[in-house]
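Novice: What follows is final.pdb, made up of PDB, C-alpha atoms:
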```
ATOM      1  CA  ALA H 774       0.000   0.000   0.000
ATOM      2  CA  ALA H 775       2.838   2.373   0.860
ATOM      3  CA  PHE H 776       4.599   1.626  -2.430
ATOM      4  CA  THR H 777       1.390   2.213  -4.391
ATOM      5  CA  LEU H 778       0.776   5.507  -2.603
ATOM      6  CA  PHE H 779       4.376   6.518  -3.307
ATOM      7  CA  THR H 780       3.995   5.769  -7.018
ATOM      8  CA  PHE H 781       0.863   7.904  -7.211
ATOM      9  CA  LEU H 782       2.472  10.799  -5.371
ATOM     10  CA  ARG H 783       5.800  10.713  -7.226
ATOM     11  CA  PRO H 784       5.390   8.997 -10.602
ATOM     12  CA  ASP H 785       8.500  10.788 -11.874
ATOM     13  CA  LEU H 786      10.663   8.666  -9.553
ATOM     14  CA  MET H 787       9.370   5.400 -11.024
ATOM     15  CA  ASP H 788      11.872   5.653 -13.888
ATOM     16  CA  ARG H 789      14.704   5.423 -11.366
ATOM     17  CA  LEU H 790      13.501   2.001 -10.242
ATOM     18  CA  MET H 791      15.035  -0.594 -12.489
ATOM     19  CA  LEU H 792      12.051  -2.941 -12.529
ATOM     20  CA  ALA H 793      12.036  -2.971 -16.326
ATOM     21  CA  ASN H 794      15.684  -4.116 -16.486
ATOM     22  CA  GLN H 795      17.143  -7.605 -16.203
ATOM     23  CA  PRO H 796      17.256  -9.322 -13.644
ATOM     24  CA  TYR H 797      15.042  -6.999 -11.584
ATOM     25  CA  ASN H 798      12.020  -7.622 -13.772
ATOM     26  CA  TRP H 799      12.367 -11.374 -13.214
ATOM     27  CA  ILE H 800      12.794 -10.854  -9.470
ATOM     28  CA  ALA H 801       9.672  -8.680  -9.277
ATOM     29  CA  ALA H 802       7.711 -11.145 -11.414
ATOM     30  CA  GLY H 803       8.997 -14.040  -9.324
ATOM     31  CA  LEU H 804       7.931 -12.393  -6.066
ATOM     32  CA  THR H 805       4.524 -11.580  -7.495
ATOM     33  CA  GLY H 806       4.248 -15.112  -8.884
ATOM     34  CA  ALA H 807       5.138 -16.584  -5.499
ATOM     35  CA  GLY H 808       2.404 -14.485  -3.940
ATOM     36  CA  CYS H 809      -0.050 -15.775  -6.542
ATOM     37  CA  ILE H 810       0.957 -19.393  -5.900
ATOM     38  CA  TRP H 811       0.611 -18.933  -2.136
ATOM     39  CA  THR H 812      -2.830 -17.335  -2.643
ATOM     40  CA  MET H 813      -3.922 -20.146  -4.946
ATOM     41  CA  TYR H 814      -2.766 -22.774  -2.460
ATOM     42  CA  ARG H 815      -4.438 -21.105   0.513
ATOM     43  CA  TYR H 816      -7.765 -20.469  -1.157
ATOM     44  CA  TRP H 817      -7.839 -23.841  -2.925
ATOM     45  CA  HIS H 818      -7.694 -25.563   0.459
ATOM     46  CA  SER H 819     -10.312 -23.188   1.823
ATOM     47  CA  TYR H 820     -12.521 -23.800  -1.209
ATOM     48  CA  ARG H 821     -12.219 -27.579  -0.885
ATOM     49  CA  ALA H 822     -13.404 -27.301   2.698
ATOM     50  CA  ALA H 823     -16.093 -24.629   2.465
ATOM     51  CA  ARG H 824     -17.093 -24.561  -1.231
ATOM     52  CA  PHE H 825     -17.608 -20.802  -1.296
ATOM     53  CA  PRO H 826     -17.736 -19.394  -4.871
ATOM     54  CA  LEU H 827     -15.540 -16.405  -4.039
ATOM     55  CA  GLN H 828     -12.713 -18.677  -2.898
ATOM     56  CA  GLN H 829     -12.887 -20.574  -6.192
ATOM     57  CA  ALA H 830     -12.818 -17.292  -8.109
ATOM     58  CA  ILE H 831      -9.694 -16.213  -6.225
ATOM     59  CA  VAL H 832      -7.944 -19.455  -7.195
ATOM     60  CA  TYR H 833      -8.700 -19.021 -10.905
ATOM     61  CA  SER H 834      -7.988 -15.303 -10.873
ATOM     62  CA  SER H 835      -4.619 -15.824  -9.163
ATOM     63  CA  GLY H 836      -3.752 -18.467 -11.751
ATOM     64  CA  TRP H 837      -4.387 -16.006 -14.551
ATOM     65  CA  LEU H 838      -2.344 -13.359 -12.738
ATOM     66  CA  LEU H 839       0.488 -15.879 -12.445
ATOM     67  CA  VAL H 840       0.497 -16.268 -16.231
ATOM     68  CA  THR H 841       0.536 -12.487 -16.697
ATOM     69  CA  GLN H 842       3.790 -12.260 -14.740
ATOM     70  CA  TYR H 843       5.561 -14.407 -17.311
ATOM     71  CA  ILE H 844       4.000 -12.509 -20.199
ATOM     72  CA  ILE H 845       4.940  -9.084 -18.816
ATOM     73  CA  VAL H 846       8.602 -10.086 -18.550
ATOM     74  CA  THR H 847       8.930 -11.871 -21.892
ATOM     75  CA  GLY H 848       6.376  -9.972 -23.979
ATOM     76  CA  ILE H 849       6.827  -7.015 -26.310
ATOM     77  CA  THR H 850       4.737  -3.841 -26.077
ATOM     78  CA  TRP H 851       1.940  -3.532 -28.648
ATOM     79  CA  LYS H 852       2.443  -7.081 -29.879
ATOM     80  CA  LEU H 853       0.097 -10.027 -29.318
ATOM     81  CA  SER H 854       1.650 -10.805 -25.940
ATOM     82  CA  TRP H 855       0.903  -7.277 -24.747
ATOM     83  CA  TRP H 856      -2.764  -7.658 -25.677
ATOM     84  CA  LEU H 857      -2.874 -11.119 -24.122
ATOM     85  CA  TYR H 858      -1.432  -9.699 -20.907
ATOM     86  CA  HIS H 859      -4.133  -7.051 -20.693
ATOM     87  CA  GLY H 860      -6.835  -9.515 -21.720
ATOM     88  CA  LEU H 861      -5.796 -11.856 -18.899
ATOM     89  CA  LEU H 862      -5.796  -8.978 -16.405
ATOM     90  CA  LEU H 863      -9.294  -8.015 -17.498
ATOM     91  CA  GLY H 864     -10.403 -11.658 -17.400
ATOM     92  CA  SER H 865      -8.947 -12.065 -13.919
ATOM     93  CA  MET H 866     -10.898  -9.064 -12.732
ATOM     94  CA  MET H 867     -14.086 -10.379 -14.367
ATOM     95  CA  ILE H 868     -13.619 -13.748 -12.646
ATOM     96  CA  MET H 869     -13.326 -11.963  -9.300
ATOM     97  CA  ILE H 870     -16.446  -9.882  -9.944
ATOM     98  CA  GLY H 871     -18.322 -13.011 -11.045
ATOM     99  CA  GLY H 872     -17.184 -14.843  -7.919
ATOM    100  CA  LEU H 873     -18.244 -11.949  -5.732
ATOM    101  CA  ILE H 874     -21.675 -11.870  -7.380
ATOM    102  CA  ARG H 875     -22.098 -15.639  -7.002
ATOM    103  CA  GLN H 876     -21.007 -15.367  -3.378
ATOM    104  CA  TYR H 877     -23.458 -12.523  -2.801
ATOM    105  CA  PHE H 878     -26.362 -14.554  -4.127
ATOM    106  CA  SER H 879     -25.372 -17.547  -2.019
ATOM    107  CA  ARG H 880     -24.909 -15.518   1.200
ATOM    108  CA  GLY H 881     -27.256 -12.554   0.699
ATOM    109  CA  SER H 882     -24.883  -9.710   1.618
ATOM    110  CA  PHE H 883     -21.513  -8.368   0.565
ATOM    111  CA  THR H 884     -20.302  -8.100   4.161
ATOM    112  CA  SER H 885     -20.779 -11.788   4.887
ATOM    113  CA  SER H 886     -19.397 -12.605   1.434
ATOM    114  CA  LEU H 887     -16.150 -10.808   2.182
ATOM    115  CA  LYS H 888     -15.890 -12.243   5.704
ATOM    116  CA  VAL H 889     -15.912 -15.711   4.143
ATOM    117  CA  LEU H 890     -12.528 -14.988   2.547
ATOM    118  CA  PHE H 891     -10.784 -14.904   5.888
ATOM    119  CA  GLN H 892     -12.462 -17.925   7.426
ATOM    120  CA  SER H 893     -10.280 -20.966   7.758
ATOM    121  CA  ASP H 894     -11.583 -22.147  11.116
ATOM    122  CA  PRO H 895     -14.096 -25.018  10.771
ATOM    123  CA  ARG H 896     -16.082 -23.592  13.673
ATOM    124  CA  VAL H 897     -16.699 -20.482  11.590
ATOM    125  CA  TRP H 898     -17.816 -22.704   8.685
ATOM    126  CA  LEU H 899     -20.516 -23.953  11.010
ATOM    127  CA  GLU H 900     -22.112 -20.528  10.958
ATOM    128  CA  ALA H 901     -21.248 -19.771   7.349
ATOM    129  CA  CYS H 902     -22.482 -23.054   5.865
ATOM    130  CA  MET H 903     -25.710 -23.206   7.822
ATOM    131  CA  THR H 904     -28.663 -23.048   5.458
ATOM    132  CA  PRO H 905     -31.646 -20.880   6.341
ATOM    133  CA  SER H 906     -33.822 -23.973   6.815
ATOM    134  CA  VAL H 907     -31.388 -25.508   9.330
ATOM    135  CA  ARG H 908     -31.107 -22.155  11.097
ATOM    136  CA  ALA H 909     -34.928 -21.941  11.294
ATOM    137  CA  LEU H 910     -35.087 -25.493  12.678
ATOM    138  CA  ILE H 911     -32.530 -24.650  15.369
ATOM    139  CA  MET H 912     -34.402 -21.479  16.283
ATOM    140  CA  ALA H 913     -37.689 -23.403  16.498
ATOM    141  CA  THR H 914     -36.236 -26.019  18.865
ATOM    142  CA  GLU H 915     -34.586 -23.411  21.058
ATOM    143  CA  VAL H 916     -37.729 -21.276  21.351
ATOM    144  CA  ARG H 917     -39.727 -24.228  22.697
ATOM    145  CA  ASP H 918     -37.435 -24.818  25.660
ATOM    146  CA  ALA H 919     -35.025 -22.304  27.178
ATOM    147  CA  TYR H 920     -33.107 -25.189  28.772
ATOM    148  CA  THR H 921     -31.928 -26.425  25.347
ATOM    149  CA  ALA H 922     -30.874 -22.964  24.091
ATOM    150  CA  GLY H 923     -27.547 -23.278  22.299
ATOM    151  CA  HIS H 924     -27.542 -27.068  22.600
ATOM    152  CA  ASN H 925     -27.385 -27.644  18.837
ATOM    153  CA  MET H 926     -24.396 -25.349  18.402
ATOM    154  CA  ARG H 927     -22.573 -26.803  21.396
ATOM    155  CA  VAL H 928     -23.011 -30.349  20.088
ATOM    156  CA  ALA H 929     -21.779 -29.293  16.652
ATOM    157  CA  LEU H 930     -18.744 -27.544  18.159
ATOM    158  CA  TYR H 931     -17.902 -30.583  20.297
ATOM    159  CA  ALA H 932     -18.181 -32.786  17.227
ATOM    160  CA  LEU H 933     -15.805 -30.478  15.341
ATOM    161  CA  ARG H 934     -13.328 -30.417  18.221
ATOM    162  CA  LEU H 935     -13.325 -34.201  18.385
ATOM    163  CA  ALA H 936     -12.879 -34.418  14.622
ATOM    164  CA  GLU H 937      -9.942 -31.985  14.807
ATOM    165  CA  GLU H 938      -8.332 -34.083  17.532
ATOM    166  CA  MET H 939      -8.783 -37.133  15.321
ATOM    167  CA  GLU H 940      -6.980 -35.129  12.574
ATOM    168  CA  LEU H 941      -9.729 -35.631  10.014
ATOM    169  CA  THR H 942      -9.411 -33.998   6.590
ATOM    170  CA  THR H 943     -10.947 -30.632   5.825
ATOM    171  CA  GLU H 944     -13.592 -32.326   3.701
ATOM    172  CA  GLN H 945     -14.599 -34.472   6.651
ATOM    173  CA  LEU H 946     -14.622 -31.434   8.955
ATOM    174  CA  ARG H 947     -16.875 -29.635   6.497
ATOM    175  CA  ALA H 948     -19.246 -32.595   6.387
ATOM    176  CA  ILE H 949     -19.420 -32.654  10.180
ATOM    177  CA  ALA H 950     -20.058 -28.904  10.275
TER     178      ALA H 950
END
```
Can I see the file as structure tokens?

Specialist:
Amino acid sequence: AAFTLFTFLRPDLMDRLMLANQPYNWIAAGLTGAGCIWTMYRYWHSYRAARFPLQQAIVYSSGWLLVTQYIIVTGITWKLSWWLYHGLLLGSMMIMIGGLIRQYFSRGSFTSSLKVLFQSDPRVWLEACMTPSVRALIMATEVRDAYTAGHNMRVALYALRLAEEMELTTEQLRAIA
């Protein structure tokens, strides 16, 4: 963020950075590519566990951004590679917008859609994956008897804790949630 702010405030100093020269362009592309690979890995595992559309969109979008890093270093301005680079950037952005829209329609609000991105704890999946019909069923059972209030959630959390102790896979944790 600081670097981006600096480039907006002093664009004249950008020419002094040697990011367009060898080997600095490969280093910058490599660092960005490593960030893309780490993002893909992290959100692929999250997607396999939670199946949220926005996580899947981040995986695909990061993959396209990874390809753009190679193209930007090896490509030539105003040639086909240059257009492919910009097409992939636009496509990556469209994938993210599509994922955000799909996530919105599955969750019902942008706030909860964005919170899903940072959820890796299976106990949080319990709340996030709960369908409205299951939520209504829980509410109906808890309204009938104050003594059982929270019982359903406590049982689910205990089941998840036991499953974590048994070192079950994320898919199995998701199924239990």

Novice: Expand the PyMOL selection byres ((chain H and resi 807-810) around 9) into the explicit residue set it covers here, and present it as a list in words.

Specialist: Ala802, Gly803, Leu804, Thr805, Gly806, Trp811, Thr812, Met813, Tyr814, Arg815, Val832, Ser835, Gly836, Leu838 and Leu839 of chain H

Novice: Skipping near chain neighbours, those fewer than 6 positions away, what residues fall within 7 Å of stretch 865-877 of chain H using all atoms listed in the file, listed as an NGL selection string?

Specialist: :H and (825-827 or 830-831 or 834 or 837-838 or 883 or 886)

Novice: Just to confirm, what's the straight-line distance from atom CA of H:Ala950 to atom CA of H:His924 in Å (one decimal)?

Specialist: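 Pair atom CA of H:Ala950 / atom CA of H:His924 returns 14.5 Å.
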
Novice: Provide the atom CA of H:Gly860 to atom CA of H:Tyr820 distance in Å, to one decimal place.

Specialist: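 Interatomic distance here is 25.6 Å.
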
Novice: Mind pulling up the distance from atom CA of H:Pro905 to atom CA of H:Asn925?

Specialist: 14.8 Å

Novice: When you count all atoms listed in the file, which of these residues is closest to H:Leu933: H:Val916, H:Arg821, H:Thr841, H:Leu899?

Specialist: H:Leu899

Novice: Looking at H:Ala922, H:Trp855, H:Ile844, H:His818, which one is nearest to H:Arg947, with distances taken over all atoms listed in the file?

Specialist: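 The answer is H:His818, which sits nearest to H:Arg947.
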
Novice: Pick the closest to H:Asn798 from H:Val907, H:Phe878, H:Gln842, H:Glu915: which is it, counting only C-alpha atoms?

Specialist: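 Closest candidate: H:Gln842.
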
Novice: Which of these, H:Ala793, H:Ala919, H:Ala801, H:Leu863, has the shortest distance to H:Gly848 once you count only C-alpha atoms?

Specialist: H:Ala793

Novice: Show which residues sit within 12 Å of H:Ala936, as a list of chain:residue names. Count all atoms listed in the file, and ignore same-chain residues fewer than 6 positions away.

Specialist: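 Contacts, in chain order: H:Pro895, H:Arg896, H:Ala929, H:Leu930, H:Thr942, H:Thr943, H:Glu944, H:Gln945, H:Leu946, H:Arg947, H:Ala948, H:Ile949, H:Ala950.
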
Novice: Restricting the calculation to only C-alpha atoms: of H:Met939, H:Ile911, H:Ile845, H:Leu853, which residue gets closest to H:Leu792?

Specialist: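 Once distances to H:Leu792 are computed over only C-alpha atoms, the minimum belongs to H:Ile845.
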
Novice: In terms of the shortest atom-to-atom distance over all atoms listed in the file, which of H:Thr884, H:Ser879, H:Asn794, H:Gln828 is closest to H:Thr847?

Specialist: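 Result for the nearest residue to H:Thr847: H:Asn794.
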